[in-house]
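Student: Next comes the structure file input.pdb, holding PDB, C-alpha atoms.
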ATOM      1  CA  MET A1094      -3.917  -6.950   3.937  1.00  0.00           C
ATOM      2  CA  MET A1095      -3.323  -4.092   6.382  1.00  0.00           C
ATOM      3  CA  ILE A1096      -4.047  -0.569   5.078  1.00  0.00           C
ATOM      4  CA  THR A1097      -3.197   2.981   6.101  1.00  0.00           C
ATOM      5  CA  THR A1098      -4.939   6.315   5.602  1.00  0.00           C
ATOM      6  CA  LEU A1099      -2.963   6.779   2.385  1.00  0.00           C
ATOM      7  CA  ASP A1100      -4.405   3.530   1.004  1.00  0.00           C
ATOM      8  CA  ALA A1101      -7.927   4.657   1.951  1.00  0.00           C
ATOM      9  CA  LEU A1102      -7.418   8.059   0.326  1.00  0.00           C
ATOM     10  CA  ARG A1103      -6.155   6.403  -2.864  1.00  0.00           C
ATOM     11  CA  VAL A1104      -9.261   4.213  -3.108  1.00  0.00           C
ATOM     12  CA  ILE A1105     -11.518   7.217  -2.472  1.00  0.00           C
ATOM     13  CA  GLN A1106      -9.691   9.263  -5.127  1.00  0.00           C
ATOM     14  CA  ASN A1107      -9.959   6.412  -7.641  1.00  0.00           C
ATOM     15  CA  ASN A1108     -13.699   5.963  -6.975  1.00  0.00           C
ATOM     16  CA  THR A1109     -15.072   9.499  -6.943  1.00  0.00           C
ATOM     17  CA  GLN A1110     -18.546   8.370  -8.025  1.00  0.00           C
ATOM     18  CA  ALA A1111     -18.970   6.113  -4.968  1.00  0.00           C
ATOM     19  CA  THR A1112     -20.455   6.990  -1.587  1.00  0.00           C
ATOM     20  CA  PHE A1113     -18.230   6.139   1.368  1.00  0.00           C
ATOM     21  CA  THR A1114     -19.306   5.727   4.978  1.00  0.00           C
ATOM     22  CA  PHE A1115     -16.978   5.479   7.963  1.00  0.00           C
ATOM     23  CA  PRO A1116     -18.735   4.076  11.050  1.00  0.00           C
ATOM     24  CA  LEU A1117     -16.762   5.144  14.141  1.00  0.00           C
ATOM     25  CA  TYR A1118     -16.278   3.254  17.374  1.00  0.00           C
ATOM     26  CA  ASP A1119     -18.378   4.798  20.139  1.00  0.00           C
ATOM     27  CA  VAL A1120     -16.086   6.151  22.857  1.00  0.00           C
ATOM     28  CA  LEU A1121     -18.927   6.169  25.408  1.00  0.00           C
ATOM     29  CA  SER A1122     -19.481   2.426  25.011  1.00  0.00           C
ATOM     30  CA  GLY A1123     -15.858   1.627  25.757  1.00  0.00           C
ATOM     31  CA  ASN A1124     -15.224   1.330  21.997  1.00  0.00           C
ATOM     32  CA  THR A1125     -17.138  -1.933  21.703  1.00  0.00           C
ATOM     33  CA  LYS A1126     -19.783  -0.748  19.225  1.00  0.00           C
ATOM     34  CA  THR A1127     -20.151   1.882  16.539  1.00  0.00           C
ATOM     35  CA  ALA A1128     -21.582   5.349  17.164  1.00  0.00           C
ATOM     36  CA  LEU A1129     -25.059   6.282  15.942  1.00  0.00           C
ATOM     37  CA  LYS A1130     -23.883   9.206  13.823  1.00  0.00           C
ATOM     38  CA  ILE A1131     -22.023   7.909  10.777  1.00  0.00           C
ATOM     39  CA  PRO A1132     -19.565  10.089   8.819  1.00  0.00           C
ATOM     40  CA  THR A1133     -20.464   9.937   5.122  1.00  0.00           C
ATOM     41  CA  LEU A1134     -18.658  11.094   1.990  1.00  0.00           C
ATOM     42  CA  ALA A1135     -21.170  11.546  -0.829  1.00  0.00           C
ATOM     43  CA  ALA A1136     -20.238  10.739  -4.420  1.00  0.00           C
ATOM     44  CA  GLY A1137     -18.201  13.540  -5.982  1.00  0.00           C
ATOM     45  CA  SER A1138     -17.731  15.367  -2.671  1.00  0.00           C
ATOM     46  CA  GLU A1139     -14.603  16.200  -0.684  1.00  0.00           C
ATOM     47  CA  THR A1140     -16.522  16.974   2.487  1.00  0.00           C
ATOM     48  CA  ILE A1141     -17.602  14.427   5.064  1.00  0.00           C
ATOM     49  CA  TRP A1142     -20.919  14.927   6.865  1.00  0.00           C
ATOM     50  CA  LEU A1143     -22.211  13.233   9.975  1.00  0.00           C
ATOM     51  CA  MET A1144     -25.437  11.392   9.201  1.00  0.00           C
ATOM     52  CA  ALA A1145     -27.964  10.373  11.870  1.00  0.00           C
ATOM     53  CA  ASN A1146     -30.655   7.989  10.610  1.00  0.00           C
ATOM     54  CA  GLY A1147     -29.852   9.028   7.033  1.00  0.00           C
ATOM     55  CA  ILE A1148     -30.199  12.772   7.741  1.00  0.00           C
ATOM     56  CA  ILE A1149     -27.311  15.242   7.664  1.00  0.00           C
ATOM     57  CA  VAL A1150     -26.430  16.664  11.073  1.00  0.00           C
ATOM     58  CA  PRO A1151     -26.163  20.482  10.641  1.00  0.00           C
ATOM     59  CA  ASN A1152     -22.729  22.089  11.104  1.00  0.00           C
ATOM     60  CA  SER A1153     -20.967  18.702  11.105  1.00  0.00           C
ATOM     61  CA  HIS A1154     -18.878  18.770   7.953  1.00  0.00           C
ATOM     62  CA  TYR A1155     -15.192  17.830   7.848  1.00  0.00           C
ATOM     63  CA  ASP A1156     -12.447  17.953   5.271  1.00  0.00           C
ATOM     64  CA  LEU A1157     -11.730  14.396   4.084  1.00  0.00           C
ATOM     65  CA  VAL A1158      -7.966  14.459   4.686  1.00  0.00           C
ATOM     66  CA  ASP A1159      -8.297  16.087   8.118  1.00  0.00           C
ATOM     67  CA  PHE A1160     -11.021  13.627   9.085  1.00  0.00           C
ATOM     68  CA  LEU A1161      -8.940  10.565   8.186  1.00  0.00           C
ATOM     69  CA  ARG A1162      -5.786  11.995   9.738  1.00  0.00           C
ATOM     70  CA  ASP A1163      -7.480  12.886  13.038  1.00  0.00           C
ATOM     71  CA  LEU A1164      -9.970  10.032  13.412  1.00  0.00           C
ATOM     72  CA  TRP A1165      -8.331   7.134  11.553  1.00  0.00           C
ATOM     73  CA  ASP A1166      -7.892   5.077  14.734  1.00  0.00           C
ATOM     74  CA  ASP A1167     -11.610   5.462  15.563  1.00  0.00           C
ATOM     75  CA  VAL A1168     -12.893   4.242  12.172  1.00  0.00           C
ATOM     76  CA  ALA A1169     -14.479   0.802  12.633  1.00  0.00           C
ATOM     77  CA  GLU A1170     -14.921   0.055   8.936  1.00  0.00           C
ATOM     78  CA  ILE A1171     -15.006   1.649   5.517  1.00  0.00           C
ATOM     79  CA  LYS A1172     -18.013   1.064   3.307  1.00  0.00           C
ATOM     80  CA  MET A1173     -18.169   1.863  -0.391  1.00  0.00           C
ATOM     81  CA  ASN A1174     -21.731   2.113  -1.706  1.00  0.00           C
ATOM     82  CA  GLY A1175     -22.934   0.212   1.362  1.00  0.00           C
ATOM     83  CA  LYS A1176     -20.461  -2.682   1.013  1.00  0.00           C
ATOM     84  CA  VAL A1177     -17.709  -3.149   3.620  1.00  0.00           C
ATOM     85  CA  ILE A1178     -14.312  -2.862   1.914  1.00  0.00           C
ATOM     86  CA  ALA A1179     -12.125  -2.610   5.061  1.00  0.00           C
ATOM     87  CA  LYS A1180     -12.652  -3.056   8.802  1.00  0.00           C
ATOM     88  CA  ARG A1181     -11.043  -3.325  12.209  1.00  0.00           C
ATOM     89  CA  LEU A1182     -11.752  -6.472  14.177  1.00  0.00           C
ATOM     90  CA  ALA A1183     -11.741  -4.421  17.401  1.00  0.00           C
ATOM     91  CA  TYR A1184     -10.936  -0.901  18.543  1.00  0.00           C
ATOM     92  CA  GLY A1185      -7.177  -0.316  18.453  1.00  0.00           C
ATOM     93  CA  GLU A1186      -6.543  -3.084  15.915  1.00  0.00           C
ATOM     94  CA  VAL A1187      -5.183  -2.476  12.421  1.00  0.00           C
ATOM     95  CA  MET A1188      -7.513  -1.805   9.490  1.00  0.00           C
ATOM     96  CA  LEU A1189      -7.755  -4.881   7.249  1.00  0.00           C
ATOM     97  CA  THR A1190      -9.119  -5.085   3.724  1.00  0.00           C
ATOM     98  CA  GLU A1191     -12.038  -7.166   2.623  1.00  0.00           C
ATOM     99  CA  GLU A1192     -10.967  -6.781  -1.023  1.00  0.00           C
ATOM    100  CA  ASP A1193      -7.189  -6.673  -1.433  1.00  0.00           C
ATOM    101  CA  SER A1194      -7.310  -5.875  -5.164  1.00  0.00           C
ATOM    102  CA  LEU A1195      -9.190  -2.623  -4.499  1.00  0.00           C
ATOM    103  CA  PHE A1196      -6.395  -1.324  -2.265  1.00  0.00           C
ATOM    104  CA  LYS A1197      -3.332  -2.386  -4.263  1.00  0.00           C
ATOM    105  CA  PRO A1198      -1.811   0.674  -5.954  1.00  0.00           C
ATOM    106  CA  ASP A1199      -1.405   0.429  -9.693  1.00  0.00           C
ATOM    107  CA  ALA A1200       1.896   1.329 -11.348  1.00  0.00           C
ATOM    108  CA  TYR A1201       0.923   4.977 -11.887  1.00  0.00           C
ATOM    109  CA  ASP A1202      -0.213   5.516  -8.271  1.00  0.00           C
ATOM    110  CA  ASP A1203       2.963   3.870  -7.032  1.00  0.00           C
ATOM    111  CA  LEU A1204       5.157   6.088  -9.233  1.00  0.00           C
ATOM    112  CA  ILE A1205       3.353   9.280  -8.136  1.00  0.00           C
ATOM    113  CA  GLU A1206       3.620   8.354  -4.439  1.00  0.00           C
ATOM    114  CA  THR A1207       7.324   7.530  -4.823  1.00  0.00           C
ATOM    115  CA  ASP A1208       7.880  10.833  -6.604  1.00  0.00           C
ATOM    116  CA  LEU A1209       6.056  12.791  -3.878  1.00  0.00           C
ATOM    117  CA  VAL A1210       8.078  11.062  -1.159  1.00  0.00           C
ATOM    118  CA  GLY A1211      11.292  11.857  -3.049  1.00  0.00           C
ATOM    119  CA  GLU A1212      10.228  15.494  -3.420  1.00  0.00           C
ATOM    120  CA  LYS A1213       9.422  15.777   0.301  1.00  0.00           C
ATOM    121  CA  THR A1214      12.652  14.136   1.429  1.00  0.00           C
ATOM    122  CA  LYS A1215      14.805  15.849  -1.237  1.00  0.00           C
ATOM    123  CA  ARG A1216      16.000  12.471  -2.475  1.00  0.00           C
ATOM    124  CA  GLU A1217      16.466  11.509  -6.066  1.00  0.00           C
ATOM    125  CA  ILE A1218      14.203   8.687  -7.198  1.00  0.00           C
ATOM    126  CA  VAL A1219      15.762   6.201  -9.575  1.00  0.00           C
ATOM    127  CA  VAL A1220      13.343   4.469 -11.916  1.00  0.00           C
ATOM    128  CA  GLY A1221      14.478   1.286 -13.585  1.00  0.00           C
ATOM    129  CA  ASP A1222      13.931   0.381 -17.205  1.00  0.00           C
ATOM    130  CA  LEU A1223      10.265  -0.041 -18.009  1.00  0.00           C
ATOM    131  CA  THR A1224       8.879  -3.137 -19.635  1.00  0.00           C
ATOM    132  CA  GLU A1225       6.110  -2.766 -22.186  1.00  0.00           C
ATOM    133  CA  ASP A1226       3.537  -3.929 -19.605  1.00  0.00           C
ATOM    134  CA  ALA A1227       4.793  -1.455 -17.007  1.00  0.00           C
ATOM    135  CA  ALA A1228       4.672   1.417 -19.499  1.00  0.00           C
ATOM    136  CA  ALA A1229       1.134   0.447 -20.514  1.00  0.00           C
ATOM    137  CA  ALA A1230       0.094   0.325 -16.837  1.00  0.00           C
ATOM    138  CA  LEU A1231       1.531   3.813 -16.296  1.00  0.00           C
ATOM    139  CA  MET A1232      -0.409   5.146 -19.281  1.00  0.00           C
ATOM    140  CA  ARG A1233      -3.662   3.530 -18.089  1.00  0.00           C
ATOM    141  CA  GLY A1234      -3.182   5.111 -14.680  1.00  0.00           C
ATOM    142  CA  PHE A1235      -2.428   8.516 -16.196  1.00  0.00           C
ATOM    143  CA  ILE A1236      -5.519   8.350 -18.415  1.00  0.00           C
ATOM    144  CA  ARG A1237      -7.645   7.335 -15.415  1.00  0.00           C
ATOM    145  CA  SER A1238      -6.267  10.253 -13.383  1.00  0.00           C
ATOM    146  CA  GLN A1239      -7.220  12.697 -16.136  1.00  0.00           C
ATOM    147  CA  GLU A1240     -10.793  11.359 -16.278  1.00  0.00           C
ATOM    148  CA  ASN A1241     -11.460  12.135 -12.569  1.00  0.00           C
TER     149      ASN A1241
END
Turn the structure described in the file into structure tokens.

Tutor:
Amino acid sequence: MMITTLDALRVIQNNTQATFTFPLYDVLSGNTKTALKIPTLAAGSETIWLMANGIIVPNSHYDLVDFLRDLWDDVAEIKMNGKVIAKRLAYGEVMLTEEDSLFKPDAYDDLIETDLVGEKTKREIVVGDLTEDAAAALMRGFIRSQEN
């Protein structure tokens, strides 16, 4: 499944206790291999740091949203706690998931995103009748959002 920065941000927001790393394609190599300094988002943090051989590079912190917005096309893969959860087959290709279920929005996330889009575009969002399962999924998502 192809993902966007919004999908990546959702997974990061839903897994705040995980460490994420974002190996970048190395521009100097013609984008055929990853760079030595790896951007890392520590558990519970909103700031990305460049790490070289496991050590933080001084004065190299980035805001998570700005980092993904500006460097999304350079990200070779996304790792969560050391496990690859999404990757590009080559520089310039789309980002594909390794675990589709991790990136599928639940009912609550979907409703919030739809509401935000409606608010931005000044369009009214019409929500159909909820089934019992859909209402339960919304409540689970709301409870999860309050825990983080």

Student: Assuming the chain letters and numbering stay as they are in my file, what does the PyMOL selection byres ((chain A and resi 1189-1206) around 8) actually select? List them as a ChimeraX atom specification.

Tutor: /A:1094-1096,1100-1101,1103-1104,1177-1181,1187-1188,1207-1210,1227,1230-1235

Student: Got a sec: who's within 7 Å of Leu1157 of chain A, counting only C-alpha atoms, leaving out chain neighbours fewer than 2 positions off, as a list in words?

Tutor: Glu1139, Thr1140, Ile1141, Tyr1155, Asp1159, Phe1160 and Leu1161 of chain A

Student: Restricting the calculation to only C-alpha atoms, which member of A:Asp1163, A:Glu1212, A:Glu1186, A:Asp1226 is positioned closest to Asn1124 of chain A?

Tutor: A:Glu1186

Student: So the first atom is atom CA of Leu1134 of chain A and the second is atom CA of Thr1109 of chain A; what is the distance between them in Å, to one decimal place?

Tutor: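 Atom-to-atom, atom CA of Leu1134 of chain A to atom CA of Thr1109 of chain A, that is 9.8 Å.
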
Student: Which one of A:Ser1153, A:Thr1133, A:Gln1239, A:Asn1146 sits closest to Gln1106 of chain A if you count all atoms listed in the file?

Tutor: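 With all atoms listed in the file as the atom set, the closest residue is A:Gln1239.
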
Student: What separation in Å, quoted to one decimal, exists between atom CA of Arg1216 of chain A and atom CA of Ile1236 of chain A?

Tutor: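 About the pair atom CA of Arg1216 of chain A and atom CA of Ile1236 of chain A: they are 27.1 Å apart.
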
Student: Tell me which residues the PyMOL selection byres ((chain A and resi 1144) around 10) grabs here, as an MDAnalysis selection string.

Tutor: chainID A and resid 1114 1129:1134 1141:1143 1145:1151 1153:1154

Student: Using only C-alpha atoms, which residue out of A:Ala1128, A:Leu1117, A:Ala1135, A:Leu1099 lies closest to Met1173 of chain A?

Tutor: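 The answer is A:Ala1135, which sits nearest to Met1173 of chain A.
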
Student: Using atom CA of Arg1237 of chain A and atom CA of Lys1172 of chain A as the two end points, give the distance in Å to one decimal.

Tutor: 22.3 Å
